[in-house]
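data09.txt (compact mmCIF, N, CA and C atoms) appears below.
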```
# COMPACT_ATOMS: atom_id res chain seq x y z
N MET R 244 -67.17 -24.97 0.76
CA MET R 244 -65.89 -25.59 0.55
C MET R 244 -65.10 -24.87 -0.54
N GLU R 245 -65.81 -24.20 -1.42
CA GLU R 245 -65.13 -23.46 -2.46
C GLU R 245 -64.31 -22.32 -1.88
N THR R 246 -64.79 -21.66 -0.85
CA THR R 246 -64.04 -20.58 -0.24
C THR R 246 -62.77 -21.11 0.41
N ASN R 247 -62.88 -22.30 0.95
CA ASN R 247 -61.71 -22.93 1.55
C ASN R 247 -60.65 -23.22 0.50
N ASP R 248 -61.09 -23.72 -0.66
CA ASP R 248 -60.16 -24.01 -1.74
C ASP R 248 -59.55 -22.71 -2.30
N SER R 249 -60.36 -21.68 -2.45
CA SER R 249 -59.84 -20.43 -2.98
C SER R 249 -58.90 -19.76 -1.97
N ASP R 250 -59.21 -19.92 -0.66
CA ASP R 250 -58.29 -19.39 0.36
C ASP R 250 -56.96 -20.13 0.32
N ALA R 251 -57.00 -21.43 0.10
CA ALA R 251 -55.77 -22.23 0.03
C ALA R 251 -54.96 -21.83 -1.19
N VAL R 252 -55.67 -21.59 -2.32
CA VAL R 252 -54.96 -21.17 -3.54
C VAL R 252 -54.34 -19.79 -3.33
N LEU R 253 -55.10 -18.87 -2.71
CA LEU R 253 -54.58 -17.54 -2.43
C LEU R 253 -53.38 -17.59 -1.50
N LEU R 254 -53.47 -18.43 -0.48
CA LEU R 254 -52.36 -18.58 0.45
C LEU R 254 -51.13 -19.14 -0.27
N GLU R 255 -51.37 -20.10 -1.13
CA GLU R 255 -50.26 -20.69 -1.90
C GLU R 255 -49.63 -19.65 -2.84
N LEU R 256 -50.46 -18.84 -3.49
CA LEU R 256 -49.95 -17.79 -4.37
C LEU R 256 -49.15 -16.74 -3.59
N ARG R 257 -49.60 -16.41 -2.38
CA ARG R 257 -48.86 -15.47 -1.56
C ARG R 257 -47.49 -16.04 -1.16
N LYS R 258 -47.47 -17.33 -0.86
CA LYS R 258 -46.19 -17.97 -0.52
C LYS R 258 -45.23 -17.93 -1.72
N ILE R 259 -45.78 -18.21 -2.90
CA ILE R 259 -44.96 -18.17 -4.12
C ILE R 259 -44.45 -16.75 -4.37
N GLY R 260 -45.33 -15.76 -4.19
CA GLY R 260 -44.92 -14.36 -4.37
C GLY R 260 -43.83 -13.95 -3.39
N ALA R 261 -43.96 -14.38 -2.13
CA ALA R 261 -42.95 -14.05 -1.13
C ALA R 261 -41.62 -14.72 -1.46
N THR R 262 -41.68 -15.96 -1.95
CA THR R 262 -40.46 -16.67 -2.33
C THR R 262 -39.78 -15.99 -3.51
N LEU R 263 -40.56 -15.58 -4.49
CA LEU R 263 -40.00 -14.89 -5.65
C LEU R 263 -39.42 -13.53 -5.27
N ALA R 264 -40.05 -12.84 -4.33
CA ALA R 264 -39.56 -11.52 -3.91
C ALA R 264 -38.20 -11.63 -3.23
N THR R 265 -38.00 -12.69 -2.46
CA THR R 265 -36.70 -12.85 -1.80
C THR R 265 -35.66 -13.46 -2.74
N ALA R 266 -36.07 -14.18 -3.75
CA ALA R 266 -35.13 -14.81 -4.66
C ALA R 266 -34.50 -13.80 -5.61
N PHE R 267 -35.24 -12.78 -5.99
CA PHE R 267 -34.73 -11.77 -6.91
C PHE R 267 -34.63 -10.44 -6.17
N PRO R 268 -33.41 -9.96 -5.95
CA PRO R 268 -33.27 -8.69 -5.23
C PRO R 268 -33.79 -7.53 -6.06
N ALA R 269 -33.98 -6.43 -5.38
CA ALA R 269 -34.47 -5.23 -6.06
C ALA R 269 -33.42 -4.74 -7.05
N PRO R 270 -33.85 -4.14 -8.13
CA PRO R 270 -32.87 -3.66 -9.12
C PRO R 270 -32.02 -2.54 -8.51
N PRO R 271 -30.78 -2.39 -9.00
CA PRO R 271 -29.92 -1.33 -8.46
C PRO R 271 -30.47 0.04 -8.81
N PRO R 272 -30.08 1.05 -8.04
CA PRO R 272 -30.57 2.39 -8.34
C PRO R 272 -30.01 2.85 -9.68
N PRO R 273 -30.67 3.78 -10.31
CA PRO R 273 -30.17 4.26 -11.61
C PRO R 273 -28.80 4.91 -11.43
N PRO R 274 -27.96 4.82 -12.44
CA PRO R 274 -26.62 5.39 -12.31
C PRO R 274 -26.66 6.90 -12.14
N LYS R 275 -25.70 7.39 -11.34
CA LYS R 275 -25.59 8.83 -11.12
C LYS R 275 -24.89 9.45 -12.31
N GLY R 276 -24.98 10.75 -12.37
CA GLY R 276 -24.23 11.46 -13.39
C GLY R 276 -22.75 11.47 -13.02
N LEU R 277 -21.92 11.75 -13.97
CA LEU R 277 -20.48 11.73 -13.76
C LEU R 277 -20.07 12.74 -12.68
N LYS R 278 -20.67 13.90 -12.69
CA LYS R 278 -20.32 14.93 -11.72
C LYS R 278 -20.66 14.48 -10.31
N GLU R 279 -21.86 13.94 -10.10
CA GLU R 279 -22.26 13.50 -8.77
C GLU R 279 -21.39 12.35 -8.28
N GLU R 280 -21.07 11.43 -9.17
CA GLU R 280 -20.23 10.30 -8.80
C GLU R 280 -18.82 10.78 -8.42
N PHE R 281 -18.27 11.73 -9.18
CA PHE R 281 -16.95 12.26 -8.90
C PHE R 281 -16.93 13.00 -7.57
N MET R 282 -17.96 13.80 -7.30
CA MET R 282 -18.02 14.54 -6.05
C MET R 282 -18.17 13.59 -4.86
N ALA R 283 -18.93 12.52 -5.02
CA ALA R 283 -19.05 11.52 -3.95
C ALA R 283 -17.70 10.86 -3.70
N PHE R 284 -16.95 10.57 -4.76
CA PHE R 284 -15.62 9.97 -4.62
C PHE R 284 -14.69 10.91 -3.87
N LEU R 285 -14.72 12.20 -4.22
CA LEU R 285 -13.86 13.16 -3.54
C LEU R 285 -14.22 13.26 -2.06
N GLY R 286 -15.50 13.23 -1.76
CA GLY R 286 -15.93 13.35 -0.37
C GLY R 286 -15.58 12.14 0.47
N LYS R 287 -15.69 10.95 -0.10
CA LYS R 287 -15.43 9.73 0.65
C LYS R 287 -13.95 9.50 0.86
N ALA R 288 -13.16 9.64 -0.16
CA ALA R 288 -11.77 9.22 -0.11
C ALA R 288 -10.84 10.29 0.42
N GLY R 289 -11.28 11.51 0.58
CA GLY R 289 -10.40 12.57 1.04
C GLY R 289 -9.32 12.88 0.02
N VAL R 290 -9.64 12.68 -1.24
CA VAL R 290 -8.66 12.87 -2.31
C VAL R 290 -8.26 14.33 -2.43
N LEU R 291 -9.18 15.22 -2.20
CA LEU R 291 -8.88 16.63 -2.34
C LEU R 291 -7.82 17.07 -1.32
N GLY R 292 -7.96 16.61 -0.09
CA GLY R 292 -6.96 16.93 0.93
C GLY R 292 -5.61 16.34 0.60
N LEU R 293 -5.61 15.13 0.07
CA LEU R 293 -4.35 14.50 -0.33
C LEU R 293 -3.69 15.28 -1.46
N ALA R 294 -4.47 15.72 -2.42
CA ALA R 294 -3.92 16.49 -3.54
C ALA R 294 -3.35 17.82 -3.06
N VAL R 295 -4.05 18.49 -2.19
CA VAL R 295 -3.55 19.76 -1.67
C VAL R 295 -2.26 19.54 -0.88
N GLY R 296 -2.23 18.50 -0.06
CA GLY R 296 -1.02 18.19 0.70
C GLY R 296 0.16 17.86 -0.21
N PHE R 297 -0.10 17.13 -1.28
CA PHE R 297 0.97 16.78 -2.22
C PHE R 297 1.53 18.02 -2.90
N ILE R 298 0.64 18.89 -3.35
CA ILE R 298 1.08 20.11 -4.03
C ILE R 298 1.85 21.01 -3.06
N MET R 299 1.34 21.18 -1.86
CA MET R 299 2.03 22.02 -0.88
C MET R 299 3.38 21.41 -0.51
N GLY R 300 3.45 20.10 -0.38
CA GLY R 300 4.72 19.43 -0.08
C GLY R 300 5.74 19.61 -1.18
N THR R 301 5.29 19.55 -2.42
CA THR R 301 6.19 19.74 -3.55
C THR R 301 6.80 21.13 -3.53
N TYR R 302 5.98 22.12 -3.35
CA TYR R 302 6.50 23.49 -3.36
C TYR R 302 7.24 23.82 -2.07
N MET R 303 6.90 23.19 -0.97
CA MET R 303 7.67 23.39 0.25
C MET R 303 9.07 22.81 0.06
N GLY R 304 9.18 21.68 -0.63
CA GLY R 304 10.49 21.11 -0.93
C GLY R 304 11.32 22.04 -1.79
N LYS R 305 10.70 22.67 -2.77
CA LYS R 305 11.43 23.63 -3.61
C LYS R 305 11.88 24.83 -2.79
N LEU R 306 11.03 25.28 -1.89
CA LEU R 306 11.37 26.42 -1.05
C LEU R 306 12.55 26.09 -0.14
N VAL R 307 12.53 24.92 0.48
CA VAL R 307 13.62 24.51 1.37
C VAL R 307 14.90 24.32 0.57
N SER R 308 14.81 23.73 -0.62
CA SER R 308 16.01 23.55 -1.46
C SER R 308 16.61 24.90 -1.84
N ALA R 309 15.77 25.86 -2.17
CA ALA R 309 16.27 27.19 -2.50
C ALA R 309 16.93 27.84 -1.29
N LEU R 310 16.34 27.67 -0.12
CA LEU R 310 16.93 28.20 1.10
C LEU R 310 18.32 27.62 1.33
N VAL R 311 18.43 26.32 1.17
CA VAL R 311 19.71 25.64 1.41
C VAL R 311 20.74 26.06 0.37
N SER R 312 20.40 25.97 -0.91
CA SER R 312 21.40 26.21 -1.96
C SER R 312 21.74 27.68 -2.14
N ASP R 313 20.79 28.58 -1.91
CA ASP R 313 21.03 29.99 -2.20
C ASP R 313 21.44 30.82 -0.98
N ILE R 314 21.07 30.38 0.21
CA ILE R 314 21.34 31.20 1.39
C ILE R 314 22.32 30.53 2.35
N ILE R 315 22.15 29.24 2.60
CA ILE R 315 22.96 28.59 3.64
C ILE R 315 24.28 28.05 3.09
N LEU R 316 24.27 27.35 1.97
CA LEU R 316 25.50 26.75 1.46
C LEU R 316 26.55 27.75 0.97
N PRO R 317 26.21 28.96 0.54
CA PRO R 317 27.27 29.92 0.21
C PRO R 317 28.12 30.36 1.41
N ILE R 318 27.63 30.18 2.62
CA ILE R 318 28.39 30.58 3.81
C ILE R 318 29.69 29.78 3.92
N PRO R 319 29.67 28.42 3.82
CA PRO R 319 30.96 27.71 3.83
C PRO R 319 31.83 28.07 2.63
N GLY R 320 31.24 28.42 1.50
CA GLY R 320 32.01 28.83 0.33
C GLY R 320 32.80 30.10 0.58
N ALA R 321 32.26 30.98 1.43
CA ALA R 321 32.98 32.21 1.76
C ALA R 321 34.20 31.93 2.63
N LEU R 322 34.16 30.83 3.37
CA LEU R 322 35.28 30.46 4.23
C LEU R 322 36.39 29.74 3.46
N GLU R 323 36.07 29.15 2.34
CA GLU R 323 37.04 28.44 1.50
C GLU R 323 37.78 29.45 0.63
N PRO R 324 39.14 29.35 0.56
CA PRO R 324 39.89 30.33 -0.25
C PRO R 324 39.48 30.35 -1.72
N SER R 325 39.22 29.18 -2.30
CA SER R 325 38.83 29.17 -3.72
C SER R 325 37.36 29.54 -3.90
N GLY R 326 36.58 29.44 -2.83
CA GLY R 326 35.17 29.80 -2.89
C GLY R 326 34.25 28.68 -3.33
N ASN R 327 34.82 27.59 -3.83
CA ASN R 327 33.98 26.48 -4.32
C ASN R 327 34.33 25.21 -3.54
N TRP R 328 33.86 25.14 -2.32
CA TRP R 328 34.18 24.00 -1.47
C TRP R 328 33.46 22.73 -1.92
N GLN R 329 32.42 22.87 -2.73
CA GLN R 329 31.69 21.70 -3.20
C GLN R 329 32.46 20.93 -4.26
N ALA R 330 33.49 21.53 -4.82
CA ALA R 330 34.29 20.85 -5.84
C ALA R 330 35.57 20.25 -5.24
N ALA R 331 35.68 20.19 -3.92
CA ALA R 331 36.88 19.64 -3.28
C ALA R 331 37.02 18.16 -3.63
N VAL R 332 38.25 17.77 -3.96
CA VAL R 332 38.53 16.39 -4.37
C VAL R 332 39.76 15.90 -3.61
N ILE R 333 39.71 14.66 -3.18
CA ILE R 333 40.88 14.01 -2.60
C ILE R 333 41.33 12.97 -3.61
N SER R 334 42.59 13.06 -4.02
CA SER R 334 43.12 12.13 -5.03
C SER R 334 44.17 11.22 -4.40
N ILE R 335 44.14 9.96 -4.80
CA ILE R 335 45.13 8.98 -4.36
C ILE R 335 45.90 8.54 -5.61
N PRO R 336 47.21 8.72 -5.62
CA PRO R 336 47.99 8.40 -6.83
C PRO R 336 48.26 6.90 -6.97
N VAL R 337 47.24 6.15 -7.30
CA VAL R 337 47.38 4.72 -7.56
C VAL R 337 46.91 4.48 -8.98
N ALA R 338 47.74 3.82 -9.77
CA ALA R 338 47.44 3.54 -11.18
C ALA R 338 47.02 4.83 -11.88
N ASN R 339 45.78 4.92 -12.29
CA ASN R 339 45.29 6.13 -12.98
C ASN R 339 44.87 7.21 -12.00
N GLY R 340 44.93 6.90 -10.76
CA GLY R 340 44.52 7.86 -9.74
C GLY R 340 43.06 7.67 -9.37
N ILE R 341 42.82 7.70 -8.08
CA ILE R 341 41.45 7.57 -7.58
C ILE R 341 41.05 8.94 -7.05
N HIS R 342 39.92 9.39 -7.45
CA HIS R 342 39.45 10.71 -7.05
C HIS R 342 38.16 10.55 -6.23
N PHE R 343 38.20 11.08 -5.02
CA PHE R 343 37.02 11.09 -4.16
C PHE R 343 36.45 12.50 -4.16
N LEU R 344 35.20 12.61 -4.57
CA LEU R 344 34.54 13.91 -4.61
C LEU R 344 34.01 14.24 -3.21
N VAL R 345 34.90 14.61 -2.34
CA VAL R 345 34.55 14.87 -0.95
C VAL R 345 33.62 16.07 -0.83
N GLY R 346 33.90 17.12 -1.56
CA GLY R 346 33.07 18.32 -1.47
C GLY R 346 31.63 18.06 -1.87
N ASP R 347 31.42 17.26 -2.91
CA ASP R 347 30.07 16.93 -3.36
C ASP R 347 29.33 16.12 -2.29
N PHE R 348 30.06 15.16 -1.68
CA PHE R 348 29.44 14.33 -0.64
C PHE R 348 29.10 15.17 0.59
N VAL R 349 30.03 16.00 1.02
CA VAL R 349 29.78 16.85 2.19
C VAL R 349 28.62 17.80 1.91
N SER R 350 28.55 18.31 0.69
CA SER R 350 27.44 19.19 0.32
C SER R 350 26.10 18.45 0.42
N ALA R 351 26.07 17.20 -0.04
CA ALA R 351 24.83 16.41 0.05
C ALA R 351 24.46 16.15 1.50
N VAL R 352 25.44 15.85 2.35
CA VAL R 352 25.17 15.61 3.78
C VAL R 352 24.66 16.88 4.45
N VAL R 353 25.32 18.01 4.18
CA VAL R 353 24.89 19.28 4.77
C VAL R 353 23.49 19.64 4.30
N THR R 354 23.22 19.46 3.02
CA THR R 354 21.89 19.75 2.48
C THR R 354 20.84 18.88 3.17
N PHE R 355 21.12 17.59 3.33
CA PHE R 355 20.18 16.69 3.99
C PHE R 355 19.93 17.14 5.43
N LEU R 356 20.98 17.45 6.16
CA LEU R 356 20.81 17.85 7.56
C LEU R 356 20.01 19.14 7.68
N ILE R 357 20.26 20.08 6.80
CA ILE R 357 19.52 21.35 6.86
C ILE R 357 18.05 21.13 6.51
N VAL R 358 17.79 20.33 5.48
CA VAL R 358 16.40 20.04 5.11
C VAL R 358 15.70 19.31 6.25
N ALA R 359 16.40 18.36 6.89
CA ALA R 359 15.80 17.63 8.01
C ALA R 359 15.44 18.57 9.16
N VAL R 360 16.33 19.50 9.46
CA VAL R 360 16.06 20.45 10.54
C VAL R 360 14.89 21.36 10.19
N VAL R 361 14.84 21.85 8.96
CA VAL R 361 13.74 22.72 8.55
C VAL R 361 12.41 21.97 8.59
N VAL R 362 12.39 20.74 8.09
CA VAL R 362 11.15 19.95 8.12
C VAL R 362 10.75 19.65 9.56
N PHE R 363 11.73 19.39 10.42
CA PHE R 363 11.43 19.15 11.83
C PHE R 363 10.74 20.37 12.45
N PHE R 364 11.27 21.57 12.18
CA PHE R 364 10.67 22.77 12.76
C PHE R 364 9.28 23.03 12.17
N ILE R 365 9.08 22.75 10.91
CA ILE R 365 7.75 22.93 10.30
C ILE R 365 6.76 21.96 10.93
N ALA R 366 7.16 20.69 11.09
CA ALA R 366 6.27 19.70 11.70
C ALA R 366 5.99 20.04 13.16
N ARG R 367 7.00 20.53 13.87
CA ARG R 367 6.84 20.91 15.25
C ARG R 367 5.84 22.08 15.37
N TYR R 368 5.99 23.07 14.50
CA TYR R 368 5.07 24.20 14.52
C TYR R 368 3.64 23.77 14.19
N ALA R 369 3.51 22.89 13.18
CA ALA R 369 2.18 22.42 12.78
C ALA R 369 1.53 21.63 13.91
N THR R 370 2.32 20.85 14.64
CA THR R 370 1.77 20.07 15.75
C THR R 370 1.31 21.00 16.87
N LYS R 371 2.11 22.02 17.18
CA LYS R 371 1.72 22.96 18.23
C LYS R 371 0.51 23.78 17.82
N ALA R 372 0.38 24.05 16.52
CA ALA R 372 -0.75 24.84 16.04
C ALA R 372 -2.03 24.00 15.95
N GLY R 373 -1.90 22.70 16.15
CA GLY R 373 -3.07 21.82 16.12
C GLY R 373 -3.39 21.28 14.75
N LEU R 374 -2.50 21.44 13.79
CA LEU R 374 -2.72 20.90 12.45
C LEU R 374 -2.34 19.43 12.43
N LYS R 375 -3.06 18.66 11.65
CA LYS R 375 -2.76 17.23 11.56
C LYS R 375 -2.54 16.85 10.15
```
How does this structure look as structure tokens?
Amino acid sequence: METNDSDAVLLELRKIGATLATAFPAPPPPPKGLKEEFMAFLGKAGVLGLAVGFIMGTYMGKLVSALVSDIILPIPGALEPSGNWQAAVISIPVANGIHFLVGDFVSAVVTFLIVAVVVFFIARYATKAGLK
């Protein structure tokens, strides 16, 4: 009968051990080093690709702006007798006079349209080349 009692005690202790094992989860793994954690972050989030895209987009914007301001917009200036069509103003003689900076507005619209066309062609080329 003693073996029966000791078996019952052993069985009870095993049940207690199993209950305690499920009640307390395993400790977390030891912390990684800063370099490993940073590299894992870069790999998971695609941050590196985002950073490269942001930098390339910034400089592509500068390139397109230079194209518009230095090469394309001087063409209408050559057609204007004064040469500075961006400074064109329409004035209405009411009270102190109202001045509409038409040349500045038209310049902004032309710049926007040219940038939109250039970006369209770049996106079109990238799509045909299979870039995403």
Step one, run DSSP on the backbone; step two, keep only residues of chain R assigned to alpha helix (DSSP H); then write them as a ChimeraX atom specification.
/R:245-266,277-288,290-310,317-322,345-371
Considering only N, CA and C atoms, tabulate each residue of stretch 245-332 of chain R that lies at most 8 Å from stretch 339-361 of chain R along with its nearest interatomic pair and the corresponding distance in Å to one decimal; arrange the rows by chain and ascending residue number and present them as CSV.
```
residue,atom,partner,partner_atom,distance
R:Val307,C,R:Val358,CA,6.4
R:Ser308,N,R:Val358,CA,7.0
R:Val311,CA,R:Thr354,CA,6.4
R:Ser312,N,R:Thr354,CA,7.2
R:Leu316,CA,R:Thr354,N,7.8
R:Asn327,C,R:Gly346,CA,7.3
R:Trp328,C,R:Gly346,CA,4.5
R:Gln329,C,R:Gly346,C,3.8
R:Ala330,N,R:Gly346,CA,4.7
R:Ala331,C,R:Gly346,N,3.9
R:Val332,CA,R:Phe343,C,4.4
```
Straight-line distance linking atom C of R:Gly292 with atom N of R:Leu310, stated in Å to one decimal:
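Atom N of R:Leu310 lies 24.7 Å from atom C of R:Gly292.
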Could you tell me how far atom CA of R:Lys278 sits from atom C of R:Val290, in Å to one decimal place?
15.2 Å
Determine which residues of chain R DSSP labels as strand (DSSP E) from the backbone of this structure, then write them out as a list of chain:residue names.
R:Ile333, R:Ser334, R:Ile335, R:Ile341, R:His342, R:Phe343
For atom CA of R:Pro274 and atom CA of R:Gly286, quote the distance in Å rounded to one decimal.
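Interatomic distance here is 17.9 Å.
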